[in-house]
$ cat input.cif   # mmCIF, C-alpha atoms
data_final
#
loop_
_atom_site.label_atom_id
_atom_site.label_comp_id
_atom_site.auth_asym_id
_atom_site.auth_seq_id
_atom_site.Cartn_x
_atom_site.Cartn_y
_atom_site.Cartn_z
CA MET A 19 -94.86 -94.71 -155.55
CA LYS A 20 -93.49 -92.31 -158.17
CA THR A 21 -92.38 -93.86 -161.42
CA TYR A 22 -90.93 -92.70 -164.73
CA ARG A 23 -91.72 -94.83 -167.79
CA GLY A 24 -92.63 -97.60 -165.41
CA ALA A 25 -89.45 -97.53 -163.33
CA ARG A 26 -88.32 -95.73 -160.22
CA THR A 27 -85.56 -93.19 -160.77
CA ALA A 28 -82.33 -92.77 -158.83
CA LEU A 29 -79.75 -90.00 -158.98
CA ILE A 30 -76.38 -90.98 -157.53
CA VAL A 31 -73.78 -88.30 -156.83
CA GLY A 32 -70.24 -89.64 -157.26
CA ALA A 33 -68.80 -92.28 -159.61
CA GLY A 34 -66.41 -93.93 -157.18
CA VAL A 35 -66.60 -97.50 -155.93
CA ALA A 36 -69.73 -96.88 -153.82
CA GLY A 37 -71.56 -94.92 -156.50
CA LEU A 38 -70.83 -97.31 -159.36
CA THR A 39 -71.66 -100.40 -157.31
CA THR A 40 -74.93 -98.85 -156.17
CA GLY A 41 -75.77 -97.88 -159.74
CA ILE A 42 -75.18 -101.43 -160.97
CA ALA A 43 -77.23 -103.01 -158.17
CA LEU A 44 -80.15 -100.59 -158.59
CA ALA A 45 -80.20 -100.84 -162.39
CA ARG A 46 -80.35 -104.61 -162.15
CA SER A 47 -83.33 -104.21 -159.80
CA GLY A 48 -85.23 -102.23 -162.43
CA TRP A 49 -84.33 -98.66 -161.47
CA ARG A 50 -83.50 -95.98 -164.02
CA VAL A 51 -80.16 -94.66 -162.76
CA GLU A 52 -78.09 -91.57 -163.46
CA ILE A 53 -74.71 -91.00 -161.83
CA ALA A 54 -73.46 -87.40 -161.67
CA GLU A 55 -69.68 -87.13 -161.35
CA ILE A 56 -67.96 -83.77 -160.97
CA SER A 57 -64.73 -84.99 -162.56
CA PRO A 58 -64.85 -84.31 -166.31
CA ALA A 59 -62.91 -87.49 -167.14
CA ALA A 60 -62.25 -90.84 -165.56
CA ALA A 61 -59.79 -90.32 -162.70
CA THR A 62 -58.65 -92.34 -159.72
CA SER A 63 -56.69 -91.46 -156.61
CA GLY A 64 -53.78 -93.65 -155.56
CA TRP A 65 -52.19 -96.63 -157.23
CA GLY A 66 -54.01 -99.62 -155.83
CA LEU A 67 -56.13 -101.17 -153.13
CA CYS A 68 -57.05 -104.49 -151.55
CA LEU A 69 -60.39 -106.10 -152.15
CA THR A 70 -60.74 -108.17 -148.99
CA GLY A 71 -63.10 -111.11 -148.57
CA PRO A 72 -66.22 -109.03 -147.90
CA SER A 73 -65.51 -107.00 -151.07
CA LEU A 74 -65.18 -110.17 -153.14
CA ARG A 75 -68.29 -111.69 -151.57
CA ALA A 76 -70.39 -108.67 -152.52
CA LEU A 77 -68.80 -108.43 -155.97
CA ASP A 78 -69.45 -112.14 -156.49
CA GLU A 79 -73.16 -111.56 -155.90
CA LEU A 80 -72.96 -109.01 -158.72
CA GLY A 81 -71.04 -111.46 -160.92
CA LEU A 82 -67.92 -109.27 -160.90
CA ALA A 83 -65.51 -111.05 -158.54
CA ASP A 84 -63.83 -113.16 -161.21
CA ARG A 85 -63.21 -110.12 -163.39
CA CYS A 86 -61.45 -108.45 -160.46
CA LEU A 87 -59.44 -111.60 -159.73
CA ALA A 88 -58.34 -111.76 -163.37
CA ALA A 89 -57.32 -108.09 -163.38
CA GLY A 90 -55.48 -108.17 -160.04
CA TYR A 91 -53.38 -110.45 -157.86
CA GLY A 92 -55.01 -113.05 -155.61
CA MET A 93 -53.66 -113.47 -152.08
CA SER A 94 -54.53 -115.20 -148.82
CA GLY A 95 -52.63 -113.49 -146.00
CA ILE A 96 -50.87 -110.54 -144.42
CA THR A 97 -47.32 -111.01 -143.10
CA HIS A 98 -46.24 -108.71 -140.28
CA VAL A 99 -42.50 -108.07 -139.96
CA ASP A 100 -40.91 -106.55 -136.85
CA VAL A 101 -38.38 -103.72 -136.58
CA ASP A 102 -35.50 -106.15 -137.03
CA GLY A 103 -36.85 -107.45 -140.32
CA VAL A 104 -38.13 -110.75 -138.88
CA ALA A 105 -41.59 -112.09 -139.77
CA VAL A 106 -43.45 -112.38 -136.46
CA ASP A 107 -47.12 -112.75 -137.36
CA GLU A 108 -49.26 -113.92 -140.25
CA VAL A 109 -52.96 -113.20 -140.63
CA GLN A 110 -54.69 -115.81 -142.79
CA LEU A 111 -57.81 -114.17 -144.15
CA PRO A 112 -61.12 -116.02 -144.50
CA ARG A 113 -61.87 -117.28 -148.03
CA LEU A 114 -65.42 -116.04 -148.46
CA ILE A 115 -65.96 -116.98 -152.11
CA GLY A 116 -64.79 -120.59 -151.93
CA ALA A 117 -61.71 -122.56 -150.95
CA GLY A 118 -60.44 -122.60 -154.53
CA ARG A 119 -60.44 -118.83 -154.89
CA PRO A 120 -58.25 -116.25 -153.12
CA ALA A 121 -59.14 -114.63 -149.81
CA MET A 122 -58.47 -111.16 -151.25
CA VAL A 123 -57.10 -109.49 -154.34
CA GLY A 124 -54.76 -106.56 -154.80
CA ILE A 125 -55.85 -104.51 -157.79
CA ALA A 126 -54.89 -101.28 -159.52
CA ARG A 127 -57.54 -98.64 -158.93
CA PRO A 128 -57.90 -97.88 -162.66
CA GLU A 129 -58.58 -101.57 -163.30
CA LEU A 130 -61.30 -101.74 -160.65
CA HIS A 131 -62.91 -98.57 -161.95
CA ARG A 132 -62.78 -99.89 -165.52
CA ILE A 133 -64.61 -103.05 -164.47
CA LEU A 134 -67.27 -101.12 -162.57
CA HIS A 135 -67.72 -98.48 -165.30
CA THR A 136 -68.10 -101.15 -167.98
CA GLU A 137 -70.70 -103.04 -165.98
CA ALA A 138 -72.60 -99.86 -165.05
CA GLU A 139 -72.88 -98.89 -168.72
CA ARG A 140 -73.88 -102.43 -169.67
CA SER A 141 -76.60 -102.30 -167.02
CA GLY A 142 -78.03 -99.10 -168.49
CA VAL A 143 -76.67 -96.58 -165.99
CA VAL A 144 -76.27 -93.06 -167.44
CA LEU A 145 -73.01 -91.41 -166.36
CA SER A 146 -73.03 -87.59 -166.52
CA ARG A 147 -69.54 -86.12 -166.10
CA GLY A 148 -68.58 -82.60 -165.08
CA LEU A 149 -71.80 -82.40 -163.09
CA THR A 150 -72.88 -82.40 -159.47
CA VAL A 151 -75.81 -81.44 -157.26
CA THR A 152 -76.09 -77.88 -155.92
CA ALA A 153 -79.50 -77.90 -154.21
CA MET A 154 -82.28 -80.30 -153.26
CA VAL A 155 -85.94 -79.90 -152.34
CA GLN A 156 -87.32 -82.78 -150.30
CA GLY A 157 -90.38 -84.49 -151.62
CA ASP A 158 -91.54 -87.59 -153.44
CA PRO A 159 -89.92 -87.22 -155.92
CA VAL A 160 -86.97 -85.13 -154.75
CA GLY A 161 -86.32 -81.93 -156.69
CA VAL A 162 -82.66 -81.51 -157.57
CA GLU A 163 -80.73 -78.59 -159.07
CA MET A 164 -77.53 -79.44 -160.93
CA SER A 165 -74.31 -77.45 -161.31
CA ASP A 166 -75.00 -76.75 -165.00
CA GLY A 167 -78.35 -75.12 -164.18
CA SER A 168 -80.46 -78.12 -165.19
CA ALA A 169 -83.00 -79.79 -162.91
CA ARG A 170 -83.90 -83.35 -162.05
CA GLN A 171 -86.66 -85.17 -160.24
CA ALA A 172 -85.72 -88.47 -158.65
CA ASP A 173 -87.41 -91.00 -156.40
CA LEU A 174 -84.05 -91.55 -154.71
CA VAL A 175 -80.91 -89.41 -154.28
CA VAL A 176 -77.72 -91.14 -153.12
CA GLY A 177 -74.71 -89.16 -151.95
CA ALA A 178 -71.67 -91.30 -152.78
CA ASP A 179 -69.41 -88.29 -153.17
CA GLY A 180 -66.64 -89.14 -150.74
CA ILE A 181 -65.27 -87.98 -147.43
CA ARG A 182 -65.91 -84.29 -148.23
CA SER A 183 -69.44 -85.02 -149.42
CA ALA A 184 -71.45 -82.06 -150.67
CA VAL A 185 -74.66 -84.09 -150.42
CA ARG A 186 -74.02 -84.68 -146.72
CA GLY A 187 -74.03 -80.92 -146.20
CA LEU A 188 -77.11 -80.36 -148.37
CA LEU A 189 -78.99 -82.85 -146.20
CA GLY A 190 -77.99 -80.94 -143.06
CA PHE A 191 -75.79 -83.69 -141.63
CA GLU A 192 -72.77 -82.54 -139.68
CA SER A 193 -69.72 -84.73 -139.21
CA SER A 194 -66.12 -83.82 -138.54
CA ILE A 195 -63.31 -85.05 -140.76
CA ASP A 196 -60.74 -86.29 -138.26
CA TYR A 197 -57.02 -86.27 -139.03
CA HIS A 198 -55.01 -88.91 -137.19
CA GLY A 199 -51.45 -87.58 -137.35
CA GLN A 200 -50.43 -89.82 -140.26
CA MET A 201 -49.66 -89.34 -143.93
CA VAL A 202 -49.79 -92.38 -146.21
CA TRP A 203 -47.40 -92.63 -149.16
CA ARG A 204 -47.84 -94.96 -152.15
CA ALA A 205 -45.63 -95.69 -155.15
CA LEU A 206 -46.01 -98.18 -157.99
CA VAL A 207 -43.07 -100.58 -158.39
CA PRO A 208 -42.27 -103.90 -160.10
CA ARG A 209 -43.48 -106.83 -157.99
CA PRO A 210 -40.63 -108.73 -156.30
CA VAL A 211 -40.84 -112.50 -156.84
CA TRP A 212 -41.22 -113.15 -153.10
CA ALA A 213 -44.19 -110.77 -152.76
CA THR A 214 -47.11 -113.20 -153.02
CA GLY A 215 -49.14 -111.58 -150.24
CA VAL A 216 -49.35 -108.33 -148.32
CA HIS A 217 -46.23 -107.57 -146.27
CA GLN A 218 -46.25 -104.96 -143.52
CA PHE A 219 -42.99 -103.83 -141.89
CA ALA A 220 -42.93 -102.24 -138.44
CA GLY A 221 -40.41 -99.44 -138.08
CA LYS A 222 -39.04 -97.55 -135.11
CA VAL A 223 -41.01 -94.49 -136.25
CA ASN A 224 -43.11 -95.35 -139.30
CA THR A 225 -44.72 -98.40 -140.91
CA ALA A 226 -44.06 -99.61 -144.46
CA GLY A 227 -45.48 -102.31 -146.68
CA LEU A 228 -45.85 -103.89 -150.08
CA VAL A 229 -49.07 -104.98 -151.83
CA PRO A 230 -49.05 -106.96 -155.12
CA ILE A 231 -51.64 -105.73 -157.62
CA SER A 232 -50.73 -107.89 -160.65
CA ASP A 233 -48.18 -110.48 -161.71
CA SER A 234 -45.80 -107.67 -162.64
CA GLN A 235 -46.68 -104.79 -160.33
CA ALA A 236 -47.04 -103.92 -156.65
CA TYR A 237 -47.35 -100.75 -154.68
CA VAL A 238 -45.17 -99.66 -151.82
CA PHE A 239 -46.88 -97.90 -148.95
CA LEU A 240 -45.45 -96.02 -146.00
CA THR A 241 -47.42 -94.61 -143.09
CA GLU A 242 -45.59 -91.55 -141.78
CA ASN A 243 -46.38 -90.84 -138.13
CA GLY A 244 -46.56 -87.59 -136.19
CA VAL A 245 -46.71 -85.14 -139.09
CA ALA A 246 -48.95 -82.26 -140.08
CA PRO A 247 -51.16 -82.79 -143.16
CA ASN A 248 -49.04 -80.57 -145.36
CA VAL A 249 -48.48 -80.70 -149.11
CA LEU A 250 -45.02 -81.34 -150.57
CA PRO A 251 -43.89 -80.39 -154.10
CA ASP A 252 -44.18 -83.30 -156.54
CA ALA A 253 -40.45 -83.22 -157.24
CA GLU A 254 -39.70 -83.93 -153.56
CA LEU A 255 -41.98 -86.93 -153.14
CA ALA A 256 -39.91 -89.80 -154.52
CA PRO A 257 -36.61 -88.70 -152.87
CA ARG A 258 -38.38 -88.15 -149.56
CA LEU A 259 -40.10 -91.55 -149.67
CA GLN A 260 -36.77 -93.25 -150.38
CA GLN A 261 -35.28 -91.42 -147.40
CA LEU A 262 -38.10 -92.55 -145.11
CA LEU A 263 -37.59 -96.16 -146.23
CA GLU A 264 -33.82 -96.10 -145.53
CA VAL A 265 -34.21 -97.03 -141.86
CA PHE A 266 -36.03 -100.31 -142.57
CA PRO A 267 -33.88 -103.46 -142.74
CA GLY A 268 -34.33 -106.65 -144.73
CA ARG A 269 -36.65 -106.85 -147.68
CA VAL A 270 -37.57 -103.16 -147.61
CA GLU A 271 -34.06 -102.48 -148.88
CA GLU A 272 -34.90 -104.58 -151.95
CA PHE A 273 -37.73 -102.37 -153.10
CA ARG A 274 -36.62 -98.98 -151.74
CA SER A 275 -34.44 -98.34 -154.78
CA LEU A 276 -37.38 -99.05 -157.08
CA VAL A 277 -39.23 -95.97 -155.81
CA SER A 278 -37.00 -93.59 -157.78
CA ALA A 279 -38.15 -95.22 -161.03
CA SER A 280 -41.83 -95.09 -160.07
CA GLU A 281 -44.06 -93.18 -162.48
CA SER A 282 -45.57 -91.26 -159.60
CA VAL A 283 -45.63 -91.10 -155.82
CA VAL A 284 -48.74 -90.00 -153.93
CA ARG A 285 -49.06 -88.79 -150.34
CA ARG A 286 -52.42 -88.48 -148.59
CA PRO A 287 -53.58 -87.69 -145.03
CA VAL A 288 -55.13 -90.43 -142.88
CA GLN A 289 -58.60 -89.08 -142.20
CA THR A 290 -61.81 -90.66 -140.98
CA VAL A 291 -65.50 -89.84 -140.86
CA PHE A 292 -68.35 -91.59 -139.13
CA LEU A 293 -71.80 -90.06 -139.38
CA ASN A 294 -73.52 -90.67 -136.06
CA GLY A 295 -77.29 -90.80 -136.18
CA ALA A 296 -79.24 -90.75 -139.43
CA TRP A 297 -77.62 -91.13 -142.85
CA ASN A 298 -80.95 -90.56 -144.57
CA ASN A 299 -83.41 -87.72 -144.83
CA GLY A 300 -86.64 -88.36 -146.72
CA ASN A 301 -85.75 -90.10 -149.97
CA CYS A 302 -82.07 -89.13 -149.76
CA VAL A 303 -79.14 -91.01 -148.22
CA VAL A 304 -75.35 -90.83 -147.99
CA ILE A 305 -73.21 -93.95 -148.34
CA GLY A 306 -69.56 -94.99 -148.64
CA ASP A 307 -66.95 -92.53 -147.41
CA ALA A 308 -69.61 -89.83 -147.19
CA ALA A 309 -71.07 -91.74 -144.23
CA HIS A 310 -68.19 -93.88 -142.92
CA ALA A 311 -64.62 -93.34 -144.08
CA PRO A 312 -62.16 -95.62 -142.22
CA ALA A 313 -58.41 -95.25 -141.87
CA PRO A 314 -56.55 -97.46 -144.39
CA GLN A 315 -55.06 -99.79 -141.74
CA MET A 316 -57.83 -102.37 -142.23
CA ALA A 317 -57.76 -102.12 -146.05
CA SER A 318 -61.56 -102.34 -145.96
CA GLY A 319 -62.87 -99.01 -147.23
CA ALA A 320 -63.68 -100.59 -150.59
CA ALA A 321 -65.40 -103.50 -148.85
CA LEU A 322 -67.77 -101.17 -147.02
CA ALA A 323 -68.45 -99.22 -150.22
CA VAL A 324 -69.28 -102.31 -152.30
CA GLU A 325 -71.44 -103.76 -149.53
CA ASP A 326 -73.33 -100.48 -149.25
CA GLY A 327 -74.43 -100.62 -152.86
CA LEU A 328 -75.60 -104.19 -152.66
CA VAL A 329 -77.43 -103.81 -149.33
CA LEU A 330 -79.08 -100.55 -150.38
CA ALA A 331 -80.61 -102.21 -153.45
CA GLN A 332 -81.71 -105.18 -151.35
CA GLU A 333 -83.49 -103.08 -148.73
CA LEU A 334 -85.18 -100.84 -151.29
CA GLY A 335 -86.50 -104.00 -152.95
CA ARG A 336 -87.91 -105.29 -149.68
CA HIS A 337 -89.87 -102.18 -148.69
CA GLU A 338 -92.90 -100.45 -150.15
CA SER A 339 -91.53 -96.93 -149.79
CA VAL A 340 -88.09 -95.49 -150.44
CA ASP A 341 -87.81 -93.86 -147.03
CA ALA A 342 -88.63 -97.15 -145.26
CA GLY A 343 -85.99 -98.91 -147.36
CA LEU A 344 -83.43 -96.26 -146.42
CA GLU A 345 -84.23 -96.59 -142.73
CA ALA A 346 -83.69 -100.35 -142.95
CA PHE A 347 -80.47 -99.85 -144.89
CA VAL A 348 -78.97 -97.53 -142.27
CA GLY A 349 -80.07 -99.80 -139.43
CA ARG A 350 -78.38 -102.73 -141.10
CA ARG A 351 -75.16 -100.96 -142.04
CA ALA A 352 -74.36 -98.51 -139.24
CA PRO A 353 -73.15 -100.97 -136.53
CA ARG A 354 -70.87 -102.85 -138.94
CA CYS A 355 -69.38 -99.67 -140.41
CA ARG A 356 -68.91 -98.10 -136.98
CA THR A 357 -66.94 -101.16 -135.82
CA LEU A 358 -64.64 -100.99 -138.84
CA VAL A 359 -63.99 -97.25 -138.55
CA GLN A 360 -63.33 -97.44 -134.80
CA THR A 361 -61.02 -100.42 -135.20
CA SER A 362 -59.04 -98.71 -137.95
CA VAL A 363 -58.52 -95.69 -135.72
CA THR A 364 -57.40 -97.87 -132.80
CA ILE A 365 -54.83 -99.58 -135.04
CA ALA A 366 -53.57 -96.21 -136.26
CA ASP A 367 -53.10 -95.13 -132.63
CA LEU A 368 -51.25 -98.36 -131.78
CA GLU A 369 -48.94 -97.88 -134.76
CA GLN A 370 -48.01 -94.40 -133.60
CA ALA A 371 -47.36 -95.71 -130.09
CA GLN A 372 -45.12 -98.46 -131.56
CA ARG A 373 -47.39 -101.10 -130.00
CA HIS A 374 -47.48 -103.24 -133.12
CA HIS A 375 -47.87 -106.57 -131.31
CA GLU A 376 -51.15 -105.31 -129.85
CA ALA A 377 -52.37 -104.31 -133.31
CA TYR A 378 -51.78 -107.69 -135.00
CA PRO A 379 -54.50 -109.66 -133.16
CA LEU A 380 -56.87 -106.72 -133.56
CA VAL A 381 -56.39 -106.83 -137.33
CA ASP A 382 -57.10 -110.56 -137.35
CA ALA A 383 -60.19 -110.25 -135.15
CA CYS A 384 -61.65 -107.41 -137.19
CA HIS A 385 -61.18 -109.26 -140.49
CA ARG A 386 -62.98 -112.26 -139.00
CA ARG A 387 -65.81 -110.09 -137.79
CA MET A 388 -66.09 -108.51 -141.24
CA ALA A 389 -66.31 -112.03 -142.66
CA GLU A 390 -69.62 -112.56 -140.87
CA PRO A 391 -72.80 -112.17 -142.98
CA VAL A 392 -73.52 -108.60 -144.01
#
$ encode --input "input.cif" --output "structure tokens"
Amino acid sequence: MKTYRGARTALIVGAGVAGLTTGIALARSGWRVEIAEISPAAATSGWGLCLTGPSLRALDELGLADRCLAAGYGMSGITHVDVDGVAVDEVQLPRLIGAGRPAMVGIARPELHRILHTEAERSGVVLSRGLTVTAMVQGDPVGVEMSDGSARQADLVVGADGIRSAVRGLLGFESSIDYHGQMVWRALVPRPVWATGVHQFAGKVNTAGLVPISDSQAYVFLTENGVAPNVLPDAELAPRLQQLLEVFPGRVEEFRSLVSASESVVRRPVQTVFLNGAWNNGNCVVIGDAAHAPAPQMASGAALAVEDGLVLAQELGRHESVDAGLEAFVGRRAPRCRTLVQTSVTIADLEQAQRHHEAYPLVDACHRRMAEPV
């Protein structure tokens, strides 16, 4: 087994949730880890996210769950509200890290990335910014050419570079990026006093919601149905989001006016990827959104990403060779990730068909399945 100064070497492409978590888990297992991130400075997309029970369970194994709980807003359930503004369903999420701790946490993306970056650096991970992989030569070790003309040799290459993964293409894996006829809007607003959990509001056309991410802040989301994945000028985003929220009754009216004062509004297409077949080739593998990007309806993309990093380190520690560890990793992860991606797409379809009451039990059942051991 190839070593460098007594340790195996890993090159991870992408410093998102999957890449940073993988880097932390591998470094703690004795690997020398470099993460190459094309962005020249720390950057995040979107205002916030939910760390559901599986996320917290995996983060707890890394000793990071309490830091996330302290930086975010702990919650236990999702309240579904019908088109008339009446609460009709509540999903109580499994508490996977103990009865005295929340079932999930809403957290600002910059806060989550700060926690992961800090721990990666503390664990000895080297983060190289403004850099990515341009070519690879399979072997043991793998030969890698970088975008600045430099070269690397690594016992393991991990593509954690997102839904449009360059590593996926370099490995010869083909997977379509599927658009599902929805655009998701998000805007940061002050947290209303009553917002102590996730609220989702069914509309006659679209779906809206509110997610607390701290004692003082929340983010509004709106899923816009039946639209092309076009780009709108920044100046039009806040007024357009307010207009889309006008048709919702009840509590949506309370936070609609707050959108105009939001620092920024983002709008992104709902897209999914699932890589059928192998995710690994030799000593290289793709993980996170590069292998399995779900629609946001299950709020579990981060959960899959964090689990990937933990499970990858576990399987590499259990096997003599890197390629055998990668085979075991994919075999362990693919069925679970496929279920989540397929369920998220089904829920997106039900939303667009205005069949919300069929989606609610599906959300509950999928969260309970995700609560099963990894």
$ residues_around --input "input.cif" --residues "Val245 in chain A" --least-positions-apart "3" --cutoff "12 Å" --atoms "only C-alpha atoms" --output "PyMOL selection string"
chain A and resi 197-202+223-224+241-242+248-249+286-288+370
$ atom_distance --input "input.cif" --atom1 "CA of Leu145 in chain A" --atom2 "CA of Ala309 in chain A"
22.2 Å
$ resolve_selection --input "input.cif" --expression "the PyMOL selection byres ((chain A and resi 70-74) around 8)" --output "ChimeraX atom specification"
/A:68-69,75-78,83,111-115,121-123,317-318,320-322,324-325,388-389
$ atom_distance --input "input.cif" --atom1 "CA of Leu130 in chain A" --atom2 "CA of Phe347 in chain A"
24.9 Å
$ residues_near_point --input "input.cif" --point "(-42.0, -103.4, -139.0)" --cutoff "7 Å" --atoms "all atoms listed in the file" --output "list in words"
His98, Val99, Asp100, Val101, Gly103, Gln218, Phe219, Ala220, Gly221, Thr225 and Ala226 of chain A
$ resolve_selection --input "input.cif" --expression "the PyMOL selection byres ((chain A and resi 212) around 12)" --output "JSON, numbers by chain"
{"A": [97, 208, 209, 210, 211, 213, 214, 215, 216, 217, 228, 229, 230, 233, 234, 236, 269, 270, 272, 273]}
$ atom_distance --input "input.cif" --atom1 "CA of Asp107 in chain A" --atom2 "CA of Cys86 in chain A"
27.5 Å
$ residues_around --input "input.cif" --residues "range 170-172 of chain A" --least-positions-apart "6" --cutoff "12 Å" --atoms "only C-alpha atoms" --output "ChimeraX atom specification"
/A:19-22,25-30,49-54,150-164,300-302,340
$ closest_residue --input "input.cif" --among "A:Gly41, A:Gly48, A:Pro312, A:Gly142" --to "Gly335 in chain A" --atoms "only C-alpha atoms"
A:Gly48
$ resolve_selection --input "input.cif" --expression "the PyMOL selection byres ((chain A and resi 364) around 12)" --output "ChimeraX atom specification"
/A:198,290,312-316,357-363,365-371,373-374,376-378,380-381,384
$ residues_around --input "input.cif" --residues "range 177-183 of chain A" --least-positions-apart "4" --cutoff "10 Å" --atoms "only C-alpha atoms" --output "ChimeraX atom specification"
/A:29-38,40,53-56,150-151,187-189,193-195,289-292,297-298,302-312,323,326-327
$ residues_near_point --input "input.cif" --point "(-87.0, -98.0, -151.6)" --cutoff "10 Å" --atoms "only C-alpha atoms" --output "number ranges by chain"
A: 19, 26, 173-174, 301, 330-347
$ closest_residue --input "input.cif" --among "A:Asp196, A:Ile231, A:Ser275, A:Leu149" --to "Pro247 in chain A" --atoms "all atoms listed in the file"
A:Asp196
$ axis_aligned_box --input "input.cif" --around "range 185-204 of chain A" --padding-each-side "6 Å" --output "JSON"
{"center_x": -63.2, "center_y": -87.7, "center_z": -144.7, "size_x": 43.6, "size_y": 26.6, "size_z": 27.0}
$ decode --input "input.cif" --residues "range 175-181 of chain A" --atoms "all heavy atoms" --output "mmCIF file, in the first residue's frame"
data_model
loop_
_atom_site.group_PDB
_atom_site.id
_atom_site.type_symbol
_atom_site.label_atom_id
_atom_site.label_comp_id
_atom_site.auth_asym_id
_atom_site.auth_seq_id
_atom_site.Cartn_x
_atom_site.Cartn_y
_atom_site.Cartn_z
ATOM 1 N N VAL A 175 -8.352 9.627 -4.597
ATOM 2 C CA VAL A 175 -8.912 10.881 -5.117
ATOM 3 C C VAL A 175 -10.417 10.832 -4.915
ATOM 4 O O VAL A 175 -11.076 9.861 -5.325
ATOM 5 C CB VAL A 175 -8.575 11.104 -6.604
ATOM 6 C CG1 VAL A 175 -9.272 12.358 -7.134
ATOM 7 C CG2 VAL A 175 -7.071 11.221 -6.804
ATOM 8 N N VAL A 176 -10.965 11.868 -4.289
ATOM 9 C CA VAL A 176 -12.395 11.940 -3.995
ATOM 10 C C VAL A 176 -12.986 13.147 -4.706
ATOM 11 O O VAL A 176 -12.566 14.283 -4.478
ATOM 12 C CB VAL A 176 -12.646 12.067 -2.472
ATOM 13 C CG1 VAL A 176 -14.151 12.148 -2.191
ATOM 14 C CG2 VAL A 176 -12.019 10.901 -1.724
ATOM 15 N N GLY A 177 -13.954 12.898 -5.570
ATOM 16 C CA GLY A 177 -14.663 13.985 -6.233
ATOM 17 C C GLY A 177 -15.871 14.387 -5.394
ATOM 18 O O GLY A 177 -16.881 13.673 -5.375
ATOM 19 N N ALA A 178 -15.751 15.506 -4.696
ATOM 20 C CA ALA A 178 -16.850 16.049 -3.898
ATOM 21 C C ALA A 178 -17.187 17.437 -4.438
ATOM 22 O O ALA A 178 -17.421 18.379 -3.681
ATOM 23 C CB ALA A 178 -16.455 16.117 -2.429
ATOM 24 N N ASP A 179 -17.190 17.535 -5.761
ATOM 25 C CA ASP A 179 -17.269 18.834 -6.423
ATOM 26 C C ASP A 179 -18.649 19.139 -7.000
ATOM 27 O O ASP A 179 -18.780 19.866 -7.988
ATOM 28 C CB ASP A 179 -16.189 18.971 -7.496
ATOM 29 C CG ASP A 179 -16.114 17.797 -8.462
ATOM 30 O OD1 ASP A 179 -16.651 16.713 -8.140
ATOM 31 O OD2 ASP A 179 -15.520 17.947 -9.544
ATOM 32 N N GLY A 180 -19.694 18.603 -6.363
ATOM 33 C CA GLY A 180 -21.039 19.072 -6.643
ATOM 34 C C GLY A 180 -21.736 18.444 -7.831
ATOM 35 O O GLY A 180 -21.219 17.559 -8.509
ATOM 36 N N ILE A 181 -22.936 18.955 -8.083
ATOM 37 C CA ILE A 181 -23.818 18.355 -9.074
ATOM 38 C C ILE A 181 -23.235 18.409 -10.486
ATOM 39 O O ILE A 181 -23.514 17.549 -11.315
ATOM 40 C CB ILE A 181 -25.211 19.038 -9.003
ATOM 41 C CG1 ILE A 181 -26.254 18.222 -9.772
ATOM 42 C CG2 ILE A 181 -25.145 20.477 -9.485
ATOM 43 C CD1 ILE A 181 -27.678 18.690 -9.522
#
